[in-house]
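As stored in final.tsv (TSV, C-alpha atoms and all ligand atoms):
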```
chain	number	residue	atom	x	y	z
A	1	MET	CA	-75.69	13.49	-17.79
A	2	ILE	CA	-78.00	11.81	-20.27
A	3	THR	CA	-81.44	12.76	-21.46
A	4	LEU	CA	-84.10	10.10	-21.09
A	5	LYS	CA	-87.49	9.86	-22.68
A	6	CYS	CA	-90.18	8.11	-20.70
A	7	PRO	CA	-91.59	5.22	-22.79
A	8	HIS	CA	-94.89	5.60	-20.97
A	9	CYS	CA	-95.74	9.32	-21.20
A	10	GLY	CA	-93.01	10.73	-23.45
A	11	GLU	CA	-91.63	13.12	-20.84
A	12	GLN	CA	-87.98	14.03	-21.36
A	13	PHE	CA	-85.68	14.45	-18.38
A	14	ASP	CA	-82.00	14.43	-17.43
A	15	PHE	CA	-80.40	11.65	-15.43
A	16	GLU	CA	-76.87	11.06	-14.17
A	17	PRO	CA	-76.24	7.30	-14.20
A	18	VAL	CA	-73.66	5.65	-11.97
A	19	THR	CA	-70.98	4.23	-14.25
A	20	ARG	CA	-67.91	4.09	-11.98
A	21	LEU	CA	-67.70	1.92	-8.91
A	22	SER	CA	-64.88	1.28	-6.45
A	23	PRO	CA	-64.51	-0.48	-3.08
A	24	GLU	CA	-65.13	2.92	-1.45
A	25	GLU	CA	-68.09	3.74	-3.63
A	26	LEU	CA	-69.75	0.45	-4.34
A	27	HIS	CA	-73.46	1.31	-4.27
A	28	GLU	CA	-73.75	-2.19	-2.85
A	29	LYS	CA	-77.33	-1.93	-1.68
A	30	GLU	CA	-78.56	-0.78	-5.09
A	31	LEU	CA	-76.47	-3.44	-6.82
A	32	LEU	CA	-77.99	-6.19	-4.69
A	33	GLN	CA	-81.51	-4.83	-4.95
A	34	GLY	CA	-81.15	-4.37	-8.70
A	35	THR	CA	-82.04	-0.70	-8.43
A	36	LEU	CA	-78.76	0.79	-9.60
A	37	ASN	CA	-79.48	3.22	-12.44
A	38	CYS	CA	-83.21	2.82	-12.06
A	39	VAL	CA	-85.15	6.06	-12.05
A	40	ALA	CA	-88.79	7.05	-11.88
A	41	CYS	CA	-90.26	9.35	-14.51
A	42	PRO	CA	-90.83	12.72	-12.80
A	43	LYS	CA	-94.15	13.14	-14.61
A	44	CYS	CA	-95.91	9.76	-14.49
A	45	GLY	CA	-93.78	7.79	-12.06
A	46	GLU	CA	-93.00	4.99	-14.53
A	47	GLY	CA	-89.81	3.14	-13.50
A	48	LEU	CA	-86.97	3.14	-16.03
A	49	ASN	CA	-83.90	0.95	-15.98
A	50	VAL	CA	-81.09	2.87	-17.69
A	51	PRO	CA	-78.73	0.55	-19.60
A	52	VAL	CA	-75.16	1.81	-19.24
A	53	ARG	CA	-71.71	0.30	-19.08
A	54	ILE	CA	-70.49	0.00	-15.48
A	55	ILE	CA	-66.84	-0.13	-14.51
A	56	TYR	CA	-65.63	-1.31	-11.12
A	57	ARG	CA	-62.00	-0.55	-10.33
A	58	GLU	CA	-59.55	-1.39	-7.61
A	59	THR	CA	-56.31	0.50	-7.72
A	60	GLU	CA	-54.24	-1.07	-4.97
A	61	SER	CA	-53.86	-4.32	-6.85
A	62	PRO	CA	-55.05	-3.27	-10.30
A	63	TYR	CA	-58.36	-4.86	-11.15
A	64	MET	CA	-61.08	-3.80	-13.53
A	65	LEU	CA	-64.51	-5.38	-13.86
A	66	VAL	CA	-66.74	-4.13	-16.66
A	67	GLN	CA	-70.39	-4.87	-17.19
A	68	GLU	CA	-71.90	-4.20	-20.56
A	69	PRO	CA	-75.65	-3.58	-20.28
A	70	HIS	CA	-76.79	-6.41	-22.55
A	71	PRO	CA	-75.55	-9.82	-23.68
A	72	LEU	CA	-74.43	-9.91	-27.34
A	73	PRO	CA	-73.84	-12.68	-29.84
A	74	GLU	CA	-70.95	-14.88	-28.68
A	75	ALA	CA	-68.47	-13.70	-31.33
A	76	GLN	CA	-69.11	-10.06	-30.44
A	77	MET	CA	-68.68	-10.70	-26.72
A	78	ARG	CA	-65.40	-12.46	-27.41
A	79	ALA	CA	-64.15	-9.64	-29.63
A	80	MET	CA	-65.15	-7.01	-27.08
A	81	ALA	CA	-63.35	-8.88	-24.29
A	82	MET	CA	-60.17	-9.13	-26.34
A	83	GLN	CA	-60.32	-5.47	-27.24
A	84	LEU	CA	-60.86	-4.42	-23.63
A	85	ASP	CA	-58.00	-6.57	-22.39
A	86	GLU	CA	-55.72	-5.20	-25.08
A	87	SER	CA	-56.54	-1.55	-24.43
A	88	ALA	CA	-56.17	-1.98	-20.64
A	89	THR	CA	-52.82	-3.69	-21.17
A	90	ASN	CA	-51.61	-0.98	-23.55
A	91	ALA	CA	-52.70	1.74	-21.12
A	92	ALA	CA	-50.78	0.02	-18.32
A	93	ILE	CA	-47.67	-0.29	-20.47
A	94	GLY	CA	-48.00	3.37	-21.48
A	95	GLN	CA	-48.19	4.48	-17.88
A	96	GLY	CA	-45.51	2.06	-16.72
A	97	VAL	CA	-47.83	0.42	-14.20
A	98	GLN	CA	-48.76	-3.15	-13.44
A	99	ARG	CA	-51.07	-4.78	-15.93
A	100	PRO	CA	-54.54	-4.98	-14.44
A	101	ILE	CA	-56.72	-8.03	-14.14
A	102	VAL	CA	-59.55	-7.27	-16.56
A	103	ARG	CA	-62.94	-8.94	-16.58
A	104	LEU	CA	-65.89	-8.31	-18.86
A	105	VAL	CA	-69.40	-9.52	-18.11
A	106	PHE	CA	-72.77	-8.96	-19.70
A	107	THR	CA	-75.28	-9.46	-16.89
A	108	ARG	CA	-75.71	-8.01	-13.42
A	109	GLN	CA	-75.71	-11.55	-11.99
A	110	ASP	CA	-72.28	-12.21	-13.47
A	111	PHE	CA	-71.08	-8.81	-12.28
A	112	LEU	CA	-72.10	-9.58	-8.69
A	113	GLU	CA	-70.58	-13.04	-8.87
A	114	LYS	CA	-67.21	-11.65	-9.96
A	115	LEU	CA	-67.36	-8.87	-7.40
A	116	TYR	CA	-68.01	-11.20	-4.49
A	117	LEU	CA	-65.49	-13.81	-5.62
A	118	ARG	CA	-62.98	-10.99	-5.60
A	119	ARG	CA	-64.05	-9.79	-2.18
A	120	ASN	CA	-63.81	-13.32	-0.79
A	121	GLY	CA	-60.31	-13.73	-2.14
A	122	LEU	CA	-61.36	-16.47	-4.57
A	123	ASP	CA	-59.80	-16.86	-8.00
A	124	ASP	CA	-62.50	-16.69	-10.67
A	125	ARG	CA	-60.41	-18.71	-13.15
A	126	VAL	CA	-60.35	-21.55	-10.67
A	127	ILE	CA	-64.05	-21.18	-9.89
A	128	GLU	CA	-64.96	-21.25	-13.58
A	129	PHE	CA	-62.76	-24.28	-14.11
A	130	ALA	CA	-64.50	-25.96	-11.16
A	131	LYS	CA	-67.87	-25.20	-12.79
A	132	TYR	CA	-66.60	-26.60	-16.07
A	133	GLN	CA	-65.66	-29.82	-14.29
A	134	LEU	CA	-69.02	-29.98	-12.53
A	135	TYR	CA	-70.79	-29.60	-15.86
A	136	ASN	CA	-68.73	-32.42	-17.27
A	137	GLY	CA	-69.58	-35.25	-14.96
A	138	GLY	CA	-68.16	-33.85	-11.77
A	139	THR	CA	-71.31	-34.24	-9.70
A	140	GLU	CA	-72.23	-37.39	-7.80
A	141	ASP	CA	-75.43	-37.92	-9.73
A	142	GLY	CA	-73.97	-36.64	-13.02
A	143	GLN	CA	-77.14	-34.64	-13.56
A	144	LEU	CA	-75.64	-31.35	-14.64
A	145	SER	CA	-75.32	-30.28	-18.23
A	146	GLN	CA	-73.88	-27.05	-19.49
A	147	ALA	CA	-76.57	-26.79	-22.13
A	148	LYS	CA	-79.41	-26.98	-19.63
A	149	HIS	CA	-77.93	-25.62	-16.43
A	150	ARG	CA	-76.00	-22.65	-15.27
A	151	LEU	CA	-73.99	-22.46	-12.07
A	152	LEU	CA	-73.56	-19.31	-10.08
A	153	PHE	CA	-71.42	-18.82	-7.01
A	154	ASP	CA	-73.68	-18.22	-4.01
A	155	PHE	CA	-72.02	-15.27	-2.31
A	156	SER	CA	-74.61	-15.19	0.46
A	157	ARG	CA	-73.34	-18.54	1.76
A	158	VAL	CA	-69.59	-18.44	2.06
A	159	ASP	CA	-67.99	-20.14	5.04
A	160	ALA	CA	-64.61	-21.48	6.06
A	161	ASN	CA	-65.27	-25.01	4.78
A	162	THR	CA	-67.70	-24.81	1.93
A	163	LEU	CA	-68.33	-22.94	-1.30
A	164	SER	CA	-71.91	-23.02	-2.50
A	165	PHE	CA	-73.31	-22.77	-5.99
A	166	ILE	CA	-76.85	-22.29	-7.15
A	167	VAL	CA	-77.91	-24.37	-10.13
A	168	TYR	CA	-80.19	-22.48	-12.50
A	169	ASN	CA	-82.33	-23.82	-15.30
A	170	ARG	CA	-81.08	-21.98	-18.37
A	171	SER	CA	-84.40	-22.06	-20.19
A	172	ASN	CA	-86.41	-20.22	-17.57
A	173	GLY	CA	-83.70	-18.77	-15.33
A	174	ARG	CA	-85.11	-20.42	-12.22
A	175	PRO	CA	-82.92	-21.79	-9.43
A	176	ILE	CA	-83.26	-25.57	-9.13
A	177	ARG	CA	-80.94	-26.62	-6.36
A	178	MET	CA	-77.81	-25.98	-4.37
A	179	LEU	CA	-74.47	-27.57	-4.87
A	180	GLU	CA	-71.64	-27.53	-2.38
A	181	VAL	CA	-67.93	-27.80	-3.01
A	182	SER	CA	-65.56	-28.11	-0.10
A	183	ARG	CA	-62.83	-25.54	0.35
A	184	SER	CA	-60.26	-28.31	0.23
A	185	GLU	CA	-61.44	-29.26	-3.27
A	186	TYR	CA	-61.12	-25.63	-4.31
A	187	GLU	CA	-57.63	-25.42	-2.82
A	188	ALA	CA	-56.67	-28.62	-4.61
A	189	LEU	CA	-57.74	-27.05	-7.91
A	190	VAL	CA	-55.78	-23.87	-7.17
A	191	GLU	CA	-52.77	-26.09	-6.54
A	192	GLU	CA	-53.36	-28.16	-9.67
A	193	ILE	CA	-53.73	-25.18	-11.98
A	194	GLY	CA	-50.84	-23.34	-10.31
A	195	SER	CA	-48.45	-26.26	-10.62
A	196	ASN	CA	-49.47	-27.49	-14.03
A	197	ALA	CA	-48.26	-24.88	-16.52
A	198	GLU	CA	-49.80	-26.75	-19.42
A	199	LEU	CA	-53.23	-26.77	-17.83
A	200	GLY	CA	-52.92	-23.09	-16.89
A	201	GLN	CA	-52.03	-22.22	-20.48
A	202	GLU	CA	-54.83	-24.38	-21.81
A	203	ILE	CA	-57.33	-22.53	-19.62
A	204	ASP	CA	-55.96	-19.11	-20.63
A	205	LYS	CA	-56.13	-20.07	-24.28
A	206	CYS	CA	-59.77	-21.04	-23.86
A	207	LEU	CA	-60.66	-17.73	-22.28
A	208	PRO	CA	-60.05	-15.24	-25.10
A	209	GLY	CA	-59.63	-11.71	-23.83
A	210	ARG	CA	-59.83	-13.15	-20.33
A	211	ARG	CA	-63.54	-13.48	-20.59
A	212	VAL	CA	-63.48	-15.76	-17.62
A	213	ASP	CA	-66.59	-17.88	-17.56
A	214	ALA	CA	-67.34	-21.56	-17.73
A	215	ASP	CA	-69.34	-21.13	-20.93
A	216	ALA	CA	-66.24	-19.90	-22.74
A	217	LEU	CA	-64.29	-22.82	-21.30
A	218	GLY	CA	-66.99	-25.28	-22.33
A	219	ASN	CA	-66.99	-23.98	-25.87
A	220	ASN	CA	-63.24	-23.96	-26.28
A	221	MET	CA	-61.70	-26.76	-24.27
A	222	PRO	CA	-60.64	-29.73	-26.35
A	223	ARG	CA	-63.13	-32.57	-26.02
A	224	GLU	CA	-61.88	-35.49	-24.01
A	225	GLN	CA	-61.74	-38.64	-26.05
B	1	ZN	ZN	-93.51	9.17	-17.76
```
Could I get this file's structure written as structure tokens?
Ligand SMILES: [Zn+2]
Amino acid sequence: MITLKCPHCGEQFDFEPVTRLSPEELHEKELLQGTLNCVACPKCGEGLNVPVRIIYRETESPYMLVQEPHPLPEAQMRAMAMQLDESATNAAIGQGVQRPIVRLVFTRQDFLEKLYLRRNGLDDRVIEFAKYQLYNGGTEDGQLSQAKHRLLFDFSRVDANTLSFIVYNRSNGRPIRMLEVSRSEYEALVEEIGSNAELGQEIDKCLPGRRVDADALGNNMPREQ
């Protein structure tokens, strides 16, 4: 339970935020509507969005997805990811259980993307590597740039043959267009990364603390000559 103070009228009241999610208790509707941990002031009705860390866990095959409430400077995000991965690994070793897959994100959009990739059985490392390639000349018109655009997996449009991405303008956050990647291209990448140990290691090295996103890859991959 935390005590909140309404920024509008100053009223103080208690609120129990949702901080733990699981496949059984996903609060999916609130997640999608963006209303999770939103509360109205009991006195004036002002809506408050309560910033808390959210942890989604799957136990059957150990997986942990953490969303911090706000983005931080890059170095801090990297350090936090490494720390989280290390503590989760140490906890697993201590308990003699399988090391979990750990992911750390800093926006609700990224949280949902990871969640739905997981639910669709897609490997986020491969998806982020695909984005990285798309940013670096992998589109037909070559019009994507990592500095200007941001790609997000479109989980509302998943089918047997195609994976869809929405291209956002980074400066104003607006969606610009759709981009489709065929399943066979995705499978080819899974195969390529799985069979090329050097590439797999290169990708892991570029994702410190397993902060799996294309931005981290873009910042860390060696530049092609
Ligand atoms: Zn109020």
Within-9 Å residues of ligand ZN 1 (chain B), basis all atoms listed in the file, as JSON, numbers by chain | {"A": [5, 6, 7, 8, 9, 10, 11, 12, 40, 41, 42, 43, 44, 45, 46, 47]}
Taking all atoms listed in the file into account, produce a table as a tab-separated table in which each residue of range 18-105 of chain A with an atom at most 12 Å from an atom of range 122-143 of chain A appears once, together with its shortest atom pair and the distance in Å to one decimal, ordered by chain and rising number.
```
residue	atom	partner	partner_atom	distance
A:Leu65	CA	A:Asp124	CA	11.9
A:Ile101	CA	A:Asp124	CA	11.0
A:Val102	CA	A:Asp124	CA	11.5
A:Arg103	CA	A:Asp124	CA	9.8
```
Write out as number ranges by chain the residues lying within 10 Å of Pro69 in chain A, counting all atoms listed in the file and excluding same-chain residues fewer than 4 positions away.
-> A: 50-54, 105-108
Resulting file, chosen residues, C-alpha atoms, as a PDB file, keeping the file's coordinate frame:
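Okay, part.pdb is ready:
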```pdb
ATOM      1  CA  VAL A  50     -81.090   2.870 -17.690  1.00  0.00           C
ATOM      2  CA  PRO A  51     -78.730   0.550 -19.600  1.00  0.00           C
ATOM      3  CA  VAL A  52     -75.160   1.810 -19.240  1.00  0.00           C
ATOM      4  CA  ARG A  53     -71.710   0.300 -19.080  1.00  0.00           C
ATOM      5  CA  ILE A  54     -70.490   0.000 -15.480  1.00  0.00           C
ATOM      6  CA  VAL A 105     -69.400  -9.520 -18.110  1.00  0.00           C
ATOM      7  CA  PHE A 106     -72.770  -8.960 -19.700  1.00  0.00           C
ATOM      8  CA  THR A 107     -75.280  -9.460 -16.890  1.00  0.00           C
ATOM      9  CA  ARG A 108     -75.710  -8.010 -13.420  1.00  0.00           C
TER      10      ARG A 108
END
```
Mind giving me the straight-line distance from CA of Gly121 in chain A to CA of Tyr63 in chain A in Å, one decimal?
->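 So the two atoms, CA of Gly121 in chain A and CA of Tyr63 in chain A, lie 12.8 Å apart.
Reported to one decimal place, the separation of CA of Asp215 in chain A from CA of Pro175 in chain A is 17.8 Å.
Between CA of Leu163 in chain A and CA of Arg57 in chain A lies a distance of 25.0 Å.
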Using all atoms listed in the file, the best pick from A:Leu36, A:Leu48, A:Ala147, A:Leu31 as closest to Gly218 in chain A would be A:Ala147
